[in-house]
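As provided, model28.cif (mmCIF, C-alpha atoms (C1' of nucleotides)) reads as follows.
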```cif
data_structure
loop_
_atom_site.label_atom_id
_atom_site.label_comp_id
_atom_site.auth_asym_id
_atom_site.auth_seq_id
_atom_site.Cartn_x
_atom_site.Cartn_y
_atom_site.Cartn_z
CA MET A 1 183.88 149.34 151.91
CA THR A 2 183.10 152.95 151.43
CA THR A 3 186.44 154.07 150.13
CA ALA A 4 186.46 157.48 148.52
CA THR A 5 187.96 156.40 145.20
CA GLN A 6 184.86 155.08 143.46
CA ALA A 7 184.92 157.35 140.36
CA ALA A 8 181.96 159.19 138.83
CA PRO A 9 178.42 159.11 140.25
CA SER A 10 177.49 158.52 136.62
CA PHE A 11 174.67 161.01 135.98
CA THR A 12 171.65 158.83 136.40
CA LEU A 13 169.19 161.24 138.04
CA THR A 14 166.32 162.82 136.13
CA VAL A 15 165.03 166.32 136.68
CA LYS A 16 162.24 164.87 138.75
CA ASP A 17 164.62 162.87 140.92
CA VAL A 18 166.72 165.93 141.66
CA ALA A 19 163.67 168.10 142.22
CA HIS A 20 162.27 165.63 144.70
CA ALA A 21 165.54 165.08 146.53
CA SER A 22 166.30 168.78 146.84
CA HIS A 23 162.73 169.87 147.57
CA VAL A 24 162.30 172.26 144.66
CA ALA A 25 160.07 172.21 141.59
CA PRO A 26 161.30 170.57 138.40
CA SER A 27 161.10 173.96 136.73
CA ALA A 28 163.56 175.26 139.30
CA VAL A 29 165.99 172.47 138.52
CA ARG A 30 165.95 173.45 134.84
CA PHE A 31 166.29 177.07 135.83
CA TYR A 32 169.33 176.30 137.98
CA GLU A 33 170.93 174.46 135.11
CA ASP A 34 170.33 177.47 132.86
CA GLN A 35 171.94 179.66 135.48
CA GLY A 36 175.00 177.44 135.73
CA LEU A 37 174.31 176.45 139.31
CA ILE A 38 174.26 172.76 138.43
CA GLN A 39 175.44 170.74 135.44
CA ALA A 40 173.70 168.01 133.50
CA ARG A 41 174.64 165.58 130.82
CA ARG A 42 172.15 164.63 128.15
CA THR A 43 170.89 161.21 127.13
CA THR A 44 170.71 160.26 123.46
CA GLY A 45 167.10 161.38 123.70
CA ASN A 46 168.21 164.84 124.92
CA GLN A 47 167.04 164.36 128.46
CA ARG A 48 168.95 165.81 131.40
CA ARG A 49 170.78 163.49 133.72
CA PHE A 50 172.28 164.74 136.96
CA ASP A 51 174.47 163.25 139.63
CA GLU A 52 174.05 163.54 143.41
CA ASN A 53 176.25 166.57 143.24
CA ALA A 54 173.37 168.58 141.87
CA ILE A 55 171.23 167.74 144.86
CA CYS A 56 173.83 169.02 147.29
CA ARG A 57 174.42 172.11 145.24
CA ILE A 58 170.75 172.96 145.25
CA ARG A 59 170.38 172.30 148.96
CA PHE A 60 173.36 174.50 149.69
CA ALA A 61 172.12 177.15 147.31
CA ARG A 62 168.63 177.40 148.79
CA ARG A 63 170.12 178.00 152.21
CA ALA A 64 172.52 180.57 150.91
CA GLN A 65 169.72 182.44 149.17
CA ARG A 66 167.99 182.92 152.49
CA VAL A 67 170.86 185.02 153.75
CA GLY A 68 170.82 187.30 150.74
CA LEU A 69 173.17 185.64 148.28
CA THR A 70 172.07 185.73 144.67
CA VAL A 71 172.03 182.73 142.38
CA ARG A 72 174.95 184.21 140.51
CA GLU A 73 177.03 184.70 143.65
CA ILE A 74 176.32 181.15 144.67
CA ALA A 75 177.20 179.87 141.23
CA ASP A 76 180.51 181.72 141.53
CA ILE A 77 181.26 180.06 144.85
CA PHE A 78 180.41 176.69 143.31
CA GLN A 79 182.87 177.29 140.50
CA ALA A 80 185.58 176.52 143.04
CA LEU A 81 184.22 172.97 143.29
CA PRO A 82 185.91 170.23 141.25
CA GLU A 83 183.93 167.77 139.16
CA GLN A 84 184.03 165.24 141.95
CA PRO A 85 184.15 167.24 145.17
CA SER A 86 185.47 165.64 148.32
CA ALA A 87 183.92 166.13 151.73
CA GLN A 88 186.59 168.74 152.32
CA ASP A 89 185.58 170.58 149.17
CA TRP A 90 182.03 170.75 150.41
CA ALA A 91 183.23 171.84 153.81
CA ARG A 92 185.18 174.64 152.18
CA VAL A 93 182.10 175.75 150.25
CA ALA A 94 180.07 175.67 153.44
CA ASP A 95 182.71 177.80 155.09
CA SER A 96 182.66 180.23 152.18
CA LEU A 97 178.91 180.55 152.35
CA VAL A 98 178.88 181.07 156.10
CA ALA A 99 181.75 183.52 155.79
CA GLU A 100 179.85 185.47 153.13
CA ALA A 101 176.76 185.50 155.25
CA GLU A 102 178.65 186.55 158.35
CA ALA A 103 180.37 189.29 156.43
CA HIS A 104 176.94 190.57 155.44
CA VAL A 105 175.79 190.53 159.05
CA ALA A 106 179.00 192.17 160.18
CA ASP A 107 178.38 194.91 157.62
CA LEU A 108 174.85 195.23 158.91
CA ARG A 109 175.97 195.49 162.49
CA HIS A 110 178.70 197.94 161.63
CA ASP A 111 176.39 200.14 159.62
CA LEU A 112 173.67 200.04 162.24
CA ASP A 113 176.18 200.98 164.91
CA ALA A 114 177.35 203.82 162.74
CA LEU A 115 173.76 204.89 162.25
CA GLN A 116 173.20 204.84 165.99
CA THR A 117 175.74 207.56 166.47
CA VAL A 118 174.06 209.58 163.75
CA THR A 119 170.56 208.62 164.66
CA ILE A 120 170.32 211.44 167.13
CA ARG A 121 169.13 213.44 164.15
CA CYS A 122 166.21 211.04 163.86
CA THR A 123 165.17 211.22 167.46
CA ALA A 124 163.17 213.92 169.09
CA GLY A 125 166.24 216.04 169.87
CA THR A 126 168.32 218.32 167.63
CA VAL A 127 166.11 219.48 164.82
CA ARG A 128 169.28 220.72 163.20
CA MET B 1 170.83 222.73 174.54
CA THR B 2 170.13 219.48 172.83
CA THR B 3 167.62 218.09 175.24
CA ALA B 4 165.57 215.21 173.96
CA THR B 5 162.19 216.83 174.52
CA GLN B 6 162.00 219.05 171.49
CA ALA B 7 158.73 217.76 170.01
CA ALA B 8 158.07 216.95 166.35
CA PRO B 9 160.72 217.30 163.60
CA SER B 10 157.89 218.99 161.70
CA PHE B 11 157.95 217.31 158.27
CA THR B 12 159.95 219.77 156.23
CA LEU B 13 161.90 217.45 153.95
CA THR B 14 161.02 216.96 150.31
CA VAL B 15 161.32 213.71 148.41
CA LYS B 16 164.56 214.94 146.96
CA ASP B 17 165.97 215.83 150.38
CA VAL B 18 165.21 212.40 151.74
CA ALA B 19 166.47 210.70 148.61
CA HIS B 20 169.73 212.55 148.81
CA ALA B 21 170.20 212.02 152.53
CA SER B 22 169.45 208.32 152.38
CA HIS B 23 171.31 207.64 149.12
CA VAL B 24 168.38 206.28 147.15
CA ALA B 25 166.52 207.57 144.10
CA PRO B 26 163.50 209.83 144.57
CA SER B 27 161.40 207.13 142.93
CA ALA B 28 162.49 204.75 145.69
CA VAL B 29 161.37 207.22 148.33
CA ARG B 30 157.90 207.35 146.78
CA PHE B 31 157.92 203.58 146.50
CA TYR B 32 158.80 203.22 150.17
CA GLU B 33 155.97 205.51 151.13
CA ASP B 34 153.58 203.39 149.02
CA GLN B 35 154.84 200.31 150.81
CA GLY B 36 154.33 201.84 154.24
CA LEU B 37 158.02 201.87 155.08
CA ILE B 38 157.97 205.61 155.69
CA GLN B 39 155.23 208.17 156.25
CA ALA B 40 154.72 211.59 154.72
CA ARG B 41 152.41 214.48 155.28
CA ARG B 42 151.17 216.52 152.38
CA THR B 43 151.43 220.23 151.77
CA THR B 44 148.38 222.19 150.60
CA GLY B 45 149.83 221.68 147.12
CA ASN B 46 149.81 217.88 147.66
CA GLN B 47 153.54 217.54 147.94
CA ARG B 48 155.14 215.03 150.28
CA ARG B 49 156.97 216.25 153.33
CA PHE B 50 159.04 213.91 155.47
CA ASP B 51 160.89 214.20 158.74
CA GLU B 52 164.39 212.92 159.56
CA ASN B 53 162.79 209.74 160.71
CA ALA B 54 162.27 208.71 157.11
CA ILE B 55 165.97 209.01 156.40
CA CYS B 56 166.88 206.67 159.24
CA ARG B 57 164.18 204.24 158.28
CA ILE B 58 165.45 204.04 154.75
CA ARG B 59 169.05 203.65 155.82
CA PHE B 60 168.11 200.88 158.20
CA ALA B 61 165.92 199.27 155.58
CA ARG B 62 168.57 199.16 152.87
CA ARG B 63 170.92 197.38 155.23
CA ALA B 64 168.28 194.96 156.31
CA GLN B 65 167.47 194.10 152.71
CA ARG B 66 171.04 193.00 152.17
CA VAL B 67 170.64 190.26 154.71
CA GLY B 68 167.53 188.90 153.08
CA LEU B 69 164.66 190.81 154.68
CA THR B 70 161.86 191.98 152.42
CA VAL B 71 160.44 195.47 152.45
CA ARG B 72 157.29 194.10 154.03
CA GLU B 73 159.20 192.39 156.83
CA ILE B 74 161.12 195.56 157.50
CA ALA B 75 157.94 197.60 157.51
CA ASP B 76 156.57 195.19 160.11
CA ILE B 77 159.62 195.71 162.29
CA PHE B 78 159.20 199.46 161.91
CA GLN B 79 155.59 199.26 163.06
CA ALA B 80 156.99 198.77 166.56
CA LEU B 81 158.48 202.25 166.37
CA PRO B 82 156.57 205.14 167.94
CA GLU B 83 155.95 208.39 166.07
CA GLN B 84 158.96 209.99 167.71
CA PRO B 85 161.41 207.17 168.37
CA SER B 86 164.09 207.61 170.98
CA ALA B 87 167.66 206.47 170.54
CA GLN B 88 166.69 203.41 172.54
CA ASP B 89 163.87 202.66 170.12
CA TRP B 90 166.31 202.75 167.23
CA ALA B 91 168.73 200.63 169.17
CA ARG B 92 166.00 198.07 169.69
CA VAL B 93 165.24 198.01 165.99
CA ALA B 94 168.92 197.59 165.23
CA ASP B 95 169.06 194.70 167.66
CA SER B 96 166.02 193.13 166.04
CA LEU B 97 167.58 193.38 162.62
CA VAL B 98 170.91 191.98 163.72
CA ALA B 99 169.16 189.23 165.65
CA GLU B 100 167.11 188.35 162.58
CA ALA B 101 170.20 188.32 160.42
CA GLU B 102 172.18 186.25 162.89
CA ALA B 103 169.35 183.80 163.24
CA HIS B 104 169.39 183.39 159.48
CA VAL B 105 173.12 182.75 159.47
CA ALA B 106 172.82 180.36 162.39
CA ASP B 107 170.19 178.48 160.40
CA LEU B 108 172.52 178.46 157.43
CA ARG B 109 175.39 177.12 159.47
CA HIS B 110 173.21 174.52 161.11
CA ASP B 111 171.77 173.35 157.84
CA LEU B 112 175.14 173.25 156.14
CA ASP B 113 176.55 171.24 159.02
CA ALA B 114 173.63 168.88 158.74
CA LEU B 115 174.24 168.61 155.02
CA GLN B 116 177.89 167.86 155.65
CA THR B 117 176.99 164.67 157.44
CA VAL B 118 174.79 163.71 154.53
CA THR B 119 177.06 165.05 151.86
CA ILE B 120 178.92 161.79 151.67
CA ARG B 121 176.37 160.92 149.01
CA CYS B 122 177.65 163.85 146.98
CA THR B 123 181.29 162.95 147.18
CA ALA B 124 183.12 160.34 145.19
CA GLY B 125 182.35 157.56 147.67
CA THR B 126 179.15 155.56 148.26
CA VAL B 127 177.18 155.55 145.07
CA ARG B 128 174.27 154.30 147.14
"C1'" DC C 1 151.84 235.92 131.88
"C1'" DT C 2 155.11 232.75 130.53
"C1'" DG C 3 158.92 230.09 131.54
"C1'" DG C 4 161.54 226.99 134.54
"C1'" DG C 5 161.94 224.03 138.21
"C1'" DC C 6 160.00 221.28 141.36
"C1'" DG C 7 156.42 218.26 142.47
"C1'" DT C 8 152.35 214.91 141.30
"C1'" DT C 9 150.08 210.34 139.32
"C1'" DC C 10 149.96 206.44 136.60
"C1'" DA C 11 151.51 203.07 133.23
"C1'" DA C 12 155.07 200.58 131.49
"C1'" DG C 13 159.68 198.64 131.73
"C1'" DT C 14 163.76 196.17 134.07
"C1'" DA C 15 166.11 192.51 136.77
"C1'" DC C 16 165.78 188.53 139.63
"C1'" DG C 17 163.85 184.15 140.69
"C1'" DG C 18 161.17 181.36 139.41
"C1'" DT C 19 156.12 179.03 137.56
"C1'" DT C 20 152.90 177.82 134.03
"C1'" DG C 21 151.26 176.38 129.73
"C1'" DA C 22 151.53 175.08 124.84
"C1'" DA C 23 153.52 172.25 121.50
"C1'" DG C 24 156.55 168.83 120.28
"C1'" DT C 25 159.79 164.44 121.09
"C1'" DC C 26 160.92 159.96 122.79
"C1'" DA C 27 160.49 155.24 124.76
"C1'" DA C 28 157.76 151.59 126.36
"C1'" DG C 29 153.54 148.86 126.92
"C1'" DA C 30 148.73 147.20 125.36
"C1'" DT D 1 150.56 150.73 115.79
"C1'" DC D 2 148.72 153.62 118.98
"C1'" DT D 3 148.60 155.66 123.30
"C1'" DT D 4 150.51 157.18 127.54
"C1'" DG D 5 153.70 159.43 130.30
"C1'" DA D 6 157.84 161.69 131.04
"C1'" DC D 7 160.67 164.59 129.08
"C1'" DT D 8 162.00 168.72 125.83
"C1'" DT D 9 161.95 173.96 124.41
"C1'" DC D 10 160.11 178.36 124.39
"C1'" DA D 11 157.19 182.14 125.52
"C1'" DA D 12 154.42 184.24 128.71
"C1'" DC D 13 153.34 185.23 133.29
"C1'" DC D 14 153.95 186.22 138.52
"C1'" DG D 15 155.81 188.79 142.75
"C1'" DT D 16 159.35 191.80 144.51
"C1'" DA D 17 161.81 195.97 144.16
"C1'" DC D 18 162.39 199.39 141.95
"C1'" DT D 19 163.21 202.94 137.41
"C1'" DT D 20 161.63 205.52 133.61
"C1'" DG D 21 158.65 208.31 130.95
"C1'" DA D 22 154.52 210.86 129.85
"C1'" DA D 23 151.32 214.17 131.11
"C1'" DC D 24 149.96 217.28 134.22
"C1'" DG D 25 149.89 220.78 138.60
"C1'" DC D 26 151.92 224.54 141.58
"C1'" DC D 27 154.59 228.50 142.25
"C1'" DC D 28 157.96 232.08 141.79
"C1'" DA D 29 161.09 235.14 138.75
"C1'" DG D 30 161.48 237.88 135.16
#
```

Could the structure of this file be written out as structure tokens, please?
Amino acid sequence: MTTATQAAPSFTLTVKDVAHASHVAPSAVRFYEDQGLIQARRTTGNQRRFDENAICRIRFARRAQRVGLTVREIADIFQALPEQPSAQDWARVADSLVAEAEAHVADLRHDLDALQTVTIRCTAGTVR
Amino acid sequence: MTTATQAAPSFTLTVKDVAHASHVAPSAVRFYEDQGLIQARRTTGNQRRFDENAICRIRFARRAQRVGLTVREIADIFQALPEQPSAQDWARVADSLVAEAEAHVADLRHDLDALQTVTIRCTAGTVR
DNA sequence: CTGGGCGTTCAAGTACGGTTGAAGTCAAGA
DNA sequence: TCTTGACTTCAACCGTACTTGAACGCCCAG
């Protein structure tokens, strides 16, 4: 059974594991931890151990970056996530990210439309 | 009359003029010229002179940057513009930018949806 | 003819988002 | 025990997108 009450994913993944699974360099994984995008626990030997959560966060984050969100903005959105996010939690984050992105595009469209009406000054007509 | 066949806007604007009109720093205006985003002529005293075109380009560019386009990408889009763009030319550029931005968001949405179906691994259920 | 104000170039600095390399630590196998 | 490999930190570096500062040039008013 795949019931949703299975407790912690137990932080077994190394930097390399996460890097590989999320298609980024190991250095980026460390960087993202520094930036608070993902969280790690440490082994007795001071090595980072992540859970699957980190992989999803990074995958989400990389996509969000492409539409102009900064690492910090993304980290802020992730702060809304609980320790053990449910599918709904992830869905909400996805919605937030898309909403952010769409807001950006709406701004773009709005501003470009506004420019259009003013753009006459940029065309051949009306020197002043 | 404000007929659209009035010839060149004659490159009378200084760096400061353009900076002020497009709400960026003068240093940014010089930077944009270096990057090929805008074009200037020079006075006999080697000073830059812009036309209104530059103002529109910068305004468009700043918006486009917010949705993840680089200066180089924007410059490429601007290369499609003729020396004296018509309102239609600007409209086409606006459409390109919005289309680009929307494509990015569509990608984001698509990828996030795809992640959703895989995200089960990130939730409390199914450790493996 | 000497300021002042505007412009110029070029080098260096800043912030973001990482990468790279040096030096050290830890755990396991020959 | 020694070596190997994976991990650690930290500092330096890269590209992008600018900003800042120094040193200098033009031009007009007084």

Pull out every residue that the PyMOL selection byres ((chain D) within 10 of (chain B)) matches in the shown coordinates and put them as a PDB file with C-alpha atoms (C1' of nucleotides), keeping the file's coordinate frame.
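Now in out_13.pdb:
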```pdb
ATOM      1  C1'  DT D  16     159.350 191.800 144.510  1.00  0.00           C
ATOM      2  C1'  DA D  17     161.810 195.970 144.160  1.00  0.00           C
ATOM      3  C1'  DC D  18     162.390 199.390 141.950  1.00  0.00           C
ATOM      4  C1'  DT D  19     163.210 202.940 137.410  1.00  0.00           C
ATOM      5  C1'  DT D  20     161.630 205.520 133.610  1.00  0.00           C
ATOM      6  C1'  DG D  25     149.890 220.780 138.600  1.00  0.00           C
ATOM      7  C1'  DC D  26     151.920 224.540 141.580  1.00  0.00           C
ATOM      8  C1'  DC D  27     154.590 228.500 142.250  1.00  0.00           C
TER       9       DC D  27
END
```

Using all atoms listed in the file, can you tell me which of C:DA28, C:DC1, C:DC16, C:DC10 comes closest to chain A?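 Counting all atoms listed in the file, the residue closest to chain A is C:DC16.
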
I'd like the superposed chain B, fitted onto chain A by least squares over all Cα atoms in order, as a compact mmCIF listing (two decimals) with C-alpha atoms, in the coordinates of the input.
```
# COMPACT_ATOMS: atom_id res chain seq x y z
CA MET B 1 183.45 149.23 151.72
CA THR B 2 182.73 152.88 151.36
CA THR B 3 186.12 154.03 150.26
CA ALA B 4 186.25 157.46 148.73
CA THR B 5 187.78 156.38 145.43
CA GLN B 6 184.72 155.09 143.66
CA ALA B 7 184.86 157.28 140.55
CA ALA B 8 181.94 159.11 138.94
CA PRO B 9 178.36 159.01 140.32
CA SER B 10 177.44 158.40 136.69
CA PHE B 11 174.60 160.87 136.03
CA THR B 12 171.55 158.70 136.52
CA LEU B 13 169.13 161.14 138.13
CA THR B 14 166.26 162.70 136.24
CA VAL B 15 164.98 166.22 136.73
CA LYS B 16 162.21 164.85 138.85
CA ASP B 17 164.61 162.87 141.04
CA VAL B 18 166.73 165.91 141.70
CA ALA B 19 163.71 168.11 142.24
CA HIS B 20 162.31 165.72 144.78
CA ALA B 21 165.59 165.18 146.59
CA SER B 22 166.39 168.86 146.82
CA HIS B 23 162.84 170.02 147.59
CA VAL B 24 162.41 172.34 144.64
CA ALA B 25 160.14 172.23 141.60
CA PRO B 26 161.34 170.50 138.43
CA SER B 27 161.13 173.87 136.68
CA ALA B 28 163.62 175.22 139.22
CA VAL B 29 166.02 172.40 138.44
CA ARG B 30 165.93 173.29 134.75
CA PHE B 31 166.32 176.94 135.65
CA TYR B 32 169.37 176.18 137.77
CA GLU B 33 170.93 174.26 134.93
CA ASP B 34 170.30 177.25 132.62
CA GLN B 35 171.98 179.49 135.16
CA GLY B 36 175.02 177.24 135.45
CA LEU B 37 174.35 176.34 139.06
CA ILE B 38 174.28 172.64 138.24
CA GLN B 39 175.40 170.55 135.28
CA ALA B 40 173.61 167.79 133.41
CA ARG B 41 174.51 165.31 130.75
CA ARG B 42 172.00 164.35 128.13
CA THR B 43 170.71 160.93 127.19
CA THR B 44 170.48 159.92 123.53
CA GLY B 45 166.85 161.04 123.81
CA ASN B 46 168.01 164.51 124.96
CA GLN B 47 166.89 164.10 128.52
CA ARG B 48 168.83 165.59 131.41
CA ARG B 49 170.68 163.32 133.77
CA PHE B 50 172.23 164.62 136.97
CA ASP B 51 174.43 163.17 139.66
CA GLU B 52 174.05 163.55 143.44
CA ASN B 53 176.26 166.56 143.21
CA ALA B 54 173.37 168.56 141.80
CA ILE B 55 171.25 167.80 144.84
CA CYS B 56 173.88 169.12 147.22
CA ARG B 57 174.47 172.16 145.09
CA ILE B 58 170.82 173.03 145.11
CA ARG B 59 170.47 172.48 148.83
CA PHE B 60 173.47 174.67 149.50
CA ALA B 61 172.22 177.26 147.06
CA ARG B 62 168.76 177.59 148.58
CA ARG B 63 170.30 178.26 151.96
CA ALA B 64 172.72 180.75 150.57
CA GLN B 65 169.92 182.64 148.85
CA ARG B 66 168.24 183.18 152.19
CA VAL B 67 171.17 185.20 153.40
CA GLY B 68 171.13 187.47 150.39
CA LEU B 69 173.35 185.75 147.83
CA THR B 70 172.18 185.73 144.23
CA VAL B 71 172.15 182.66 142.04
CA ARG B 72 175.03 184.12 140.08
CA GLU B 73 177.13 184.68 143.19
CA ILE B 74 176.45 181.15 144.33
CA ALA B 75 177.33 179.78 140.92
CA ASP B 76 180.63 181.64 141.17
CA ILE B 77 181.34 180.04 144.53
CA PHE B 78 180.51 176.66 143.04
CA GLN B 79 182.98 177.19 140.21
CA ALA B 80 185.69 176.51 142.78
CA LEU B 81 184.35 172.99 143.15
CA PRO B 82 186.00 170.18 141.19
CA GLU B 83 183.98 167.69 139.16
CA GLN B 84 184.03 165.21 142.01
CA PRO B 85 184.18 167.28 145.19
CA SER B 86 185.44 165.71 148.37
CA ALA B 87 183.86 166.26 151.76
CA GLN B 88 186.58 168.83 152.35
CA ASP B 89 185.60 170.67 149.18
CA TRP B 90 182.03 170.89 150.40
CA ALA B 91 183.22 171.97 153.79
CA ARG B 92 185.19 174.76 152.16
CA VAL B 93 182.14 175.90 150.26
CA ALA B 94 180.10 175.84 153.44
CA ASP B 95 182.75 177.93 155.14
CA SER B 96 182.73 180.38 152.25
CA LEU B 97 178.98 180.75 152.46
CA VAL B 98 178.94 181.20 156.21
CA ALA B 99 181.84 183.63 155.98
CA GLU B 100 180.00 185.62 153.33
CA ALA B 101 176.86 185.65 155.41
CA GLU B 102 178.69 186.63 158.57
CA ALA B 103 180.52 189.37 156.77
CA HIS B 104 177.17 190.72 155.65
CA VAL B 105 175.84 190.66 159.20
CA ALA B 106 179.02 192.23 160.53
CA ASP B 107 178.55 195.00 157.97
CA LEU B 108 174.96 195.37 159.09
CA ARG B 109 175.94 195.60 162.72
CA HIS B 110 178.72 198.04 161.98
CA ASP B 111 176.51 200.25 159.88
CA LEU B 112 173.69 200.18 162.39
CA ASP B 113 176.11 201.09 165.16
CA ALA B 114 177.39 203.93 163.04
CA LEU B 115 173.82 205.04 162.42
CA GLN B 116 173.12 204.93 166.13
CA THR B 117 175.64 207.66 166.74
CA VAL B 118 174.02 209.72 164.03
CA THR B 119 170.49 208.73 164.84
CA ILE B 120 170.17 211.54 167.31
CA ARG B 121 168.89 213.50 164.34
CA CYS B 122 166.05 211.02 164.06
CA THR B 123 164.99 211.17 167.66
CA ALA B 124 162.93 213.83 169.33
CA GLY B 125 165.96 215.97 170.19
CA THR B 126 168.07 218.29 168.01
CA VAL B 127 165.94 219.47 165.16
CA ARG B 128 169.15 220.65 163.54
```

What is the distance, in Å and to one decimal place, between CA of Ala64 (chain B) and C1' of DG18 (chain C)?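 These two atoms are separated by 22.8 Å.
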
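Near DG21 (chain C), within a cut-off of 12 Å and counting all atoms listed in the file, sit the residues DT19 and DA23 of chain C; DC10, DA11, DA12 and DC13 of chain D, with same-chain residues fewer than 2 positions away left out.
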
Compile a residue-level contact table for chain C against chain B at a cut-off of 10 Å, reporting for every qualifying residue the shortest atom pair and its distance in Å to one decimal, with only C-alpha atoms (C1' of nucleotides) counted, rows ordered by chain and ascending number, as a Markdown table.
```
| residue | atom | partner | partner_atom | distance |
| --- | --- | --- | --- | --- |
| C:DC6 | C1' | B:Lys16 | CA | 9.6 |
| C:DG7 | C1' | B:Gln47 | CA | 6.2 |
| C:DT8 | C1' | B:Gln47 | CA | 7.2 |
```

Looking at A:Val29, A:Ala19, A:Val67, A:Val93, which one is nearest to chain B, with distances taken over all atoms listed in the file? A:Val67

Starting from the displayed file, determine the output of the PyMOL selection byres ((chain B and resi 12) around 8) and express the residue list as JSON, numbers by chain. {"B": [9, 10, 11, 13, 14, 49, 50, 51]}

Selection above as a file: C-alpha atoms, as a tab-separated table (two decimals), in the coordinates of the input:
```
chain	number	residue	atom	x	y	z
B	9	PRO	CA	160.72	217.30	163.60
B	10	SER	CA	157.89	218.99	161.70
B	11	PHE	CA	157.95	217.31	158.27
B	13	LEU	CA	161.90	217.45	153.95
B	14	THR	CA	161.02	216.96	150.31
B	49	ARG	CA	156.97	216.25	153.33
B	50	PHE	CA	159.04	213.91	155.47
B	51	ASP	CA	160.89	214.20	158.74
```

What does the distance between CA of Asp95 (chain A) and CA of Asp107 (chain A) come to in Å, to one decimal place? 17.8 Å

Run the PyMOL selection byres ((chain C and resi 2) around 12) mentally over the shown coordinates, then write out the matched residues as number ranges by chain, using the chain letters and numbers from the document. C: 1, 3-4; D: 28-30

Can you complete the atoms of region 59-75 of chain B to N, CA and C atoms and list them as a JSON list (two decimals), in the frame of the given file?
```
[["chain", "number", "residue", "atom", "x", "y", "z"],
["B", 59, "ARG", "N", 167.69, 204.16, 155.65],
["B", 59, "ARG", "CA", 169.05, 203.65, 155.82],
["B", 59, "ARG", "C", 169.03, 202.28, 156.48],
["B", 60, "PHE", "N", 168.23, 202.18, 157.53],
["B", 60, "PHE", "CA", 168.11, 200.88, 158.20],
["B", 60, "PHE", "C", 167.59, 199.84, 157.21],
["B", 61, "ALA", "N", 166.59, 200.22, 156.47],
["B", 61, "ALA", "CA", 165.92, 199.27, 155.58],
["B", 61, "ALA", "C", 166.88, 198.72, 154.53],
["B", 62, "ARG", "N", 167.66, 199.60, 153.92],
["B", 62, "ARG", "CA", 168.57, 199.16, 152.87],
["B", 62, "ARG", "C", 169.54, 198.12, 153.41],
["B", 63, "ARG", "N", 170.01, 198.35, 154.62],
["B", 63, "ARG", "CA", 170.92, 197.38, 155.23],
["B", 63, "ARG", "C", 170.22, 196.05, 155.46],
["B", 64, "ALA", "N", 169.03, 196.17, 155.97],
["B", 64, "ALA", "CA", 168.28, 194.96, 156.31],
["B", 64, "ALA", "C", 167.99, 194.13, 155.06],
["B", 65, "GLN", "N", 167.74, 194.82, 153.96],
["B", 65, "GLN", "CA", 167.47, 194.10, 152.71],
["B", 65, "GLN", "C", 168.65, 193.24, 152.31],
["B", 66, "ARG", "N", 169.84, 193.73, 152.58],
["B", 66, "ARG", "CA", 171.04, 193.00, 152.17],
["B", 66, "ARG", "C", 171.18, 191.67, 152.88],
["B", 67, "VAL", "N", 170.55, 191.54, 154.03],
["B", 67, "VAL", "CA", 170.64, 190.26, 154.71],
["B", 67, "VAL", "C", 169.37, 189.44, 154.51],
["B", 68, "GLY", "N", 168.61, 189.78, 153.49],
["B", 68, "GLY", "CA", 167.53, 188.90, 153.08],
["B", 68, "GLY", "C", 166.15, 189.28, 153.58],
["B", 69, "LEU", "N", 166.00, 190.41, 154.25],
["B", 69, "LEU", "CA", 164.66, 190.81, 154.68],
["B", 69, "LEU", "C", 163.94, 191.53, 153.55],
["B", 70, "THR", "N", 162.64, 191.29, 153.44],
["B", 70, "THR", "CA", 161.86, 191.98, 152.42],
["B", 70, "THR", "C", 161.38, 193.32, 152.96],
["B", 71, "VAL", "N", 160.96, 194.16, 152.07],
["B", 71, "VAL", "CA", 160.44, 195.47, 152.45],
["B", 71, "VAL", "C", 159.27, 195.30, 153.43],
["B", 72, "ARG", "N", 158.45, 194.32, 153.16],
["B", 72, "ARG", "CA", 157.29, 194.10, 154.03],
["B", 72, "ARG", "C", 157.73, 193.70, 155.44],
["B", 73, "GLU", "N", 158.69, 192.81, 155.53],
["B", 73, "GLU", "CA", 159.20, 192.39, 156.83],
["B", 73, "GLU", "C", 159.78, 193.57, 157.59],
["B", 74, "ILE", "N", 160.49, 194.40, 156.88],
["B", 74, "ILE", "CA", 161.12, 195.56, 157.50],
["B", 74, "ILE", "C", 160.04, 196.53, 157.98],
["B", 75, "ALA", "N", 159.05, 196.72, 157.13],
["B", 75, "ALA", "CA", 157.94, 197.60, 157.51],
["B", 75, "ALA", "C", 157.28, 197.08, 158.80]]
```
